[in-house]
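Enquirer: Before I ask anything, let me first share the structure, which is written out below as structure tokens.
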There are 2 protein chains.
Amino acid sequence: MPSELKTHWIGFDLGGTKIMADVYDSQFKRIACNRKKTKGHEGSAAGLKRIIATIEAAMLEANVTQRQLAGIGIGCPGPLDLKQGIVLEAPNLNWQNVPVKKILQDHFECPTVVSNDVDAGTYGEYEFGAGKKARCVIGIFPGTGIGGGCVYEGNLLQGSNCTCMEIGHIPLLSDGPLDGAGNAGSLESVASRLAVSAAAAQAAYRGQAPWLMEKCGTKIDDIRSGDLADAIQNGDTFIVKIVEKSAQHVGLAVVTAVHLLAPDIVVLGGGLVEAMPDLYLEMVRKTFRKRVLSTFRDVTQIVPAKLGDQATALGAAAWAKKCLERNSK
Amino acid sequence: MPSELKTHWIGFDLGGTKIMADVYDSQFKRIACNRKKTKGHEGSAAGLKRIIATIEAAMLEANVTQRQLAGIGIGCPGPLDLKQGIVLEAPNLNWQNVPVKKILQDHFECPTVVSNDVDAGTYGEYEFGAGKKARCVIGIFPGTGIGGGCVYEGNLLQGSNCTCMEIGHIPLLSDGPLDGAGNAGSLESVASRLAVSAAAAQAAYRGQAPWLMEKCGTKIDDIRSGDLADAIQNGDTFIVKIVEKSAQHVGLAVVTAVHLLAPDIVVLGGGLVEAMPDLYLEMVRKTFRKRVLSTFRDVTQIVPAKLGDQATALGAAAWAKKCLERNSK
């Protein structure tokens, strides 16, 4: 079998609510995409079958055979064993110690690289999006939680178990609300979409966000980023303050990350930013400029992500290529 | 001239109050050391002459000639142009745009590598001290300010102008005292030796630290780390609280750094830690364990630095060797 055949890549995004398989040609142009619901409650054996079925459906649509695959890159949540390609723990998926790499490699007979989903998304933005292959790119994605990633001189900072860039858990206030890990005042505790929705639900309950109350009520999981943007469009001015507060806190976290890693570009993505890019970016930049050392003030770019929900699959595939090329040297 | 001759290294620490030149053999065993006062007020031309004289005095003591030099590593304060080896700005030295690398290379006819002083100190601890050549080592040095460094997979994280790991300037409190850059609530503003001395001077003035009042008075530059340790030994219990507060804040900064970079080992050095290692380390560890994600709690080691004021010169020399070997590949 001539190795020229092995030209195509699979990028996979293993999310808590949906899974997505992309097929790319040798230039990382997407030629097919398949999505399914995750159905985490069915357990890991069923989950792995769904992953394989999703990839096969995308390959069929792309008219790409197994022999044409150069590799698979899969972005997964939670701490990972990178060498073995094992998802150690992913509560959202109901997974523990799942050997994703081995199972996909055996099934598709092609090399597979497992990476953290947010890391993969950051690498995607670095290679193909807002990161422009800069020397150092940091990605911050405020969503249900707040994830981060860093590409430093072309390589992801991963840590031994993919535990680098847990930016949602840095202490930001000396005291504050509890986050999911029971810590008070972390970035997530005050700035995640969950925290914003909880504040918005209180505003709705108090009569300060009538449009939102009418549309979503006070159940926080019914208040999505898009609803917050719509509420602002429809005159709920109190919601502007709440979103700006989140952006201020993210701005402080950007200050921290910049002082430690001195990135050229900080890419902001995730649900809140995508729904309200101008409002959000402006407040992050304002906080950043006010609080950062002058060395960085006019140097560090803070820009919106470009790839949306494509970032993780695309980045996972491109990172797989990078790792496989490095290993073959 | 056979290249086997080039076996010895110079390590140089360019500090605000003193300068130090070490001569090392090929195994980085120190065979001579010369120190002088910096005399920054004399300007950069005089400063460069003093640097050269200090190196030559150490070489004379070591009985090492210029022909035996493999390279010079010099740790400098302030933002640097790494490629050109220029100190861009060092207020403590009264230096601006000083081409250290070119001048030392021309004078000693051997390759010279300029690095940031705290980075060099961290690299020294990584190679020869408490860092034990771990995958990722972070150094934090609470002194007059608070400097940091990071060795990630054998390389210093430097940033384009040596602006990485400015940990003293991360925002730690949502409000707080002003630091030297005019920012409120940064780590330095509440935890540096200056901040601790200022709090101790207030305690002395209020009669809460009688031993310290007797020994040092209330002029903060007369209250050094060693005086604080002595005050505690002599019954000024209020000073314990003040030092513990500094250590708590450094502990929170360790939490932040660990969540971003997932180091295996965090090395704590600098005047405050050296003067009161047990008291300081215990409070940093306590704060860390209380506040960090469980993933890291029993994994990350927090240890005292081993090399004291040797770290920068030794690390600068070892880093020079590493850079020169890499460039010759």
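Ligands are numbered from 1 in the order shown, chains are lettered A, B, ... in the order of the structure tokens, and residues start at 1 in each chain.
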Set the cut-off to 6 Å and count only C-alpha atoms: what are the residues of chain A that reach chain B? Output as number ranges by chain.
Expert: A: 159, 164-166, 170, 173-174, 256, 259-262
Enquirer: Using only C-alpha atoms, which residues sit within 10 Å of Gly251 in chain B once same-chain residues fewer than 6 positions away are excluded, as a list in words?
Expert: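 Counting only the stated atoms, we get Lys245, Ala257, Tyr280, Leu281, Glu282, Met283, Val284, Arg285, Lys286, Thr287, Phe288, Arg289, Lys290, Arg291, Val292 and Ile302 of chain B.
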Enquirer: List every residue of range 15-255 of chain A that DSSP, applied to the backbone of this structure, assigns to strand (DSSP E or B), and report them as number ranges by chain.
Expert: A: 18-24, 30-37, 69-76, 80-81, 86-90, 95-98, 112-116, 136-142, 146-152, 155-156, 171, 178, 184, 186
Enquirer: For Val87 in chain A, list every protein, DNA or RNA residue within 10 Å, evaluated using only C-alpha atoms, and leave out those in the same chain fewer than 2 positions away; present the list as number ranges by chain.
Expert: A: 76-82, 84-85, 89-90, 95-101, 114-116, 161
Enquirer: Env of Leu314 in chain A: 10 Å cut, atoms = only C-alpha atoms, seq-sep filter 2 positions within chain, self excluded. Answer as an MDAnalysis selection string.
Expert: chainID A and resid 9:13 21:24 28:30 73:75 120:121 123:125 127:128 307 309:312 316:320
Enquirer: How would the residues just chosen look if you wrote them out with N, CA and C atoms as a tab-separated table (two decimals), in the first residue's frame?
Expert:
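New file again.tsv:
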chain	number	residue	atom	x	y	z
A	9	TRP	N	-7.53	13.09	7.10
A	9	TRP	CA	-7.51	13.15	8.56
A	9	TRP	C	-8.94	13.17	9.11
A	10	ILE	N	-9.09	12.54	10.28
A	10	ILE	CA	-10.34	12.65	11.03
A	10	ILE	C	-10.10	13.56	12.23
A	11	GLY	N	-10.97	14.53	12.41
A	11	GLY	CA	-10.97	15.34	13.64
A	11	GLY	C	-12.24	15.04	14.39
A	12	PHE	N	-12.10	14.82	15.70
A	12	PHE	CA	-13.28	14.43	16.48
A	12	PHE	C	-13.41	15.30	17.72
A	13	ASP	N	-14.63	15.75	17.97
A	13	ASP	CA	-14.92	16.55	19.18
A	13	ASP	C	-15.87	15.74	20.05
A	21	ALA	N	-17.74	14.34	14.15
A	21	ALA	CA	-16.60	13.83	13.38
A	21	ALA	C	-16.48	14.62	12.09
A	22	ASP	N	-15.27	15.13	11.82
A	22	ASP	CA	-14.99	15.81	10.56
A	22	ASP	C	-14.00	14.97	9.75
A	23	VAL	N	-14.14	15.00	8.43
A	23	VAL	CA	-13.12	14.42	7.55
A	23	VAL	C	-12.45	15.58	6.81
A	24	TYR	N	-11.11	15.59	6.84
A	24	TYR	CA	-10.35	16.64	6.17
A	24	TYR	C	-9.47	16.04	5.09
A	28	PHE	N	-6.33	20.04	5.11
A	28	PHE	CA	-7.25	20.31	6.22
A	28	PHE	C	-8.48	21.11	5.78
A	29	LYS	N	-8.87	20.89	4.53
A	29	LYS	CA	-10.17	21.40	4.08
A	29	LYS	C	-11.20	20.34	4.49
A	30	ARG	N	-12.28	20.81	5.13
A	30	ARG	CA	-13.28	19.85	5.59
A	30	ARG	C	-14.11	19.37	4.42
A	73	GLY	N	-7.46	12.53	15.14
A	73	GLY	CA	-7.22	13.35	16.34
A	73	GLY	C	-8.53	13.52	17.07
A	74	ILE	N	-8.53	13.26	18.36
A	74	ILE	CA	-9.78	13.36	19.11
A	74	ILE	C	-9.60	14.22	20.35
A	75	GLY	N	-10.43	15.24	20.47
A	75	GLY	CA	-10.40	16.13	21.64
A	75	GLY	C	-11.39	15.64	22.67
A	120	ALA	N	-7.17	21.33	22.18
A	120	ALA	CA	-7.33	21.12	20.74
A	120	ALA	C	-7.96	22.35	20.09
A	121	GLY	N	-8.97	22.92	20.76
A	121	GLY	CA	-9.60	24.13	20.23
A	121	GLY	C	-8.61	25.29	20.11
A	123	TYR	N	-5.38	24.94	19.78
A	123	TYR	CA	-4.45	24.63	18.69
A	123	TYR	C	-5.10	24.90	17.33
A	124	GLY	N	-6.40	24.61	17.21
A	124	GLY	CA	-7.13	24.93	15.98
A	124	GLY	C	-7.07	26.41	15.67
A	125	GLU	N	-7.35	27.23	16.68
A	125	GLU	CA	-7.30	28.69	16.48
A	125	GLU	C	-5.87	29.14	16.15
A	127	GLU	N	-3.53	27.36	14.53
A	127	GLU	CA	-3.12	26.94	13.19
A	127	GLU	C	-3.95	27.59	12.08
A	128	PHE	N	-5.27	27.69	12.34
A	128	PHE	CA	-6.16	28.07	11.23
A	128	PHE	C	-7.04	29.28	11.53
A	307	LEU	N	-13.14	30.14	14.74
A	307	LEU	CA	-13.57	28.84	14.24
A	307	LEU	C	-14.85	28.31	14.87
A	309	ASP	N	-17.57	26.31	16.78
A	309	ASP	CA	-17.56	24.94	17.29
A	309	ASP	C	-16.76	23.97	16.41
A	310	GLN	N	-16.11	24.51	15.38
A	310	GLN	CA	-15.20	23.72	14.54
A	310	GLN	C	-13.82	23.57	15.16
A	311	ALA	N	-13.51	24.44	16.13
A	311	ALA	CA	-12.12	24.55	16.58
A	311	ALA	C	-11.56	23.25	17.13
A	312	THR	N	-12.33	22.56	17.96
A	312	THR	CA	-11.79	21.37	18.62
A	312	THR	C	-11.51	20.24	17.63
A	316	ALA	N	-7.79	19.15	16.88
A	316	ALA	CA	-7.39	17.79	17.28
A	316	ALA	C	-6.73	17.08	16.10
A	317	ALA	N	-7.29	17.27	14.90
A	317	ALA	CA	-6.70	16.63	13.71
A	317	ALA	C	-5.33	17.21	13.38
A	318	ALA	N	-5.23	18.55	13.43
A	318	ALA	CA	-3.94	19.19	13.09
A	318	ALA	C	-2.87	18.85	14.13
A	319	TRP	N	-3.29	18.78	15.40
A	319	TRP	CA	-2.35	18.41	16.47
A	319	TRP	C	-1.90	16.95	16.29
A	320	ALA	N	-2.84	16.08	15.87
A	320	ALA	CA	-2.47	14.68	15.61
A	320	ALA	C	-1.38	14.63	14.55
Enquirer: Just how far from CA of Pro277 in chain A is CA of Thr122 in chain A, in Å to one decimal?
Expert: 17.6 Å
Enquirer: Could you list, as an MDAnalysis selection string, every residue within 7 Å of range 200-217 of chain A, counting only C-alpha atoms and ignoring same-chain residues fewer than 2 positions away?
Expert: chainID A and resid 196:198 219:220 222:223 231 234 236 238:239
Enquirer: What is the CA of Leu272 in chain B to CA of Asp119 in chain B distance in Å?
Expert: 18.7 Å
Enquirer: Neighbouring residues of range 105-109 of chain A were defined as those with any atom within 9 Å, considering only C-alpha atoms; residues of the same chain fewer than 5 positions away were excluded. Please report them as an NGL selection string.
Expert: :A and (52 or 66-67 or 69 or 71-72 or 100)
Enquirer: Between CA of Cys33 in chain B and CA of Val266 in chain B, what distance in Å does the model show, to one decimal?
Expert: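 If I compute the distance from CA of Cys33 in chain B to CA of Val266 in chain B, I get 28.1 Å.
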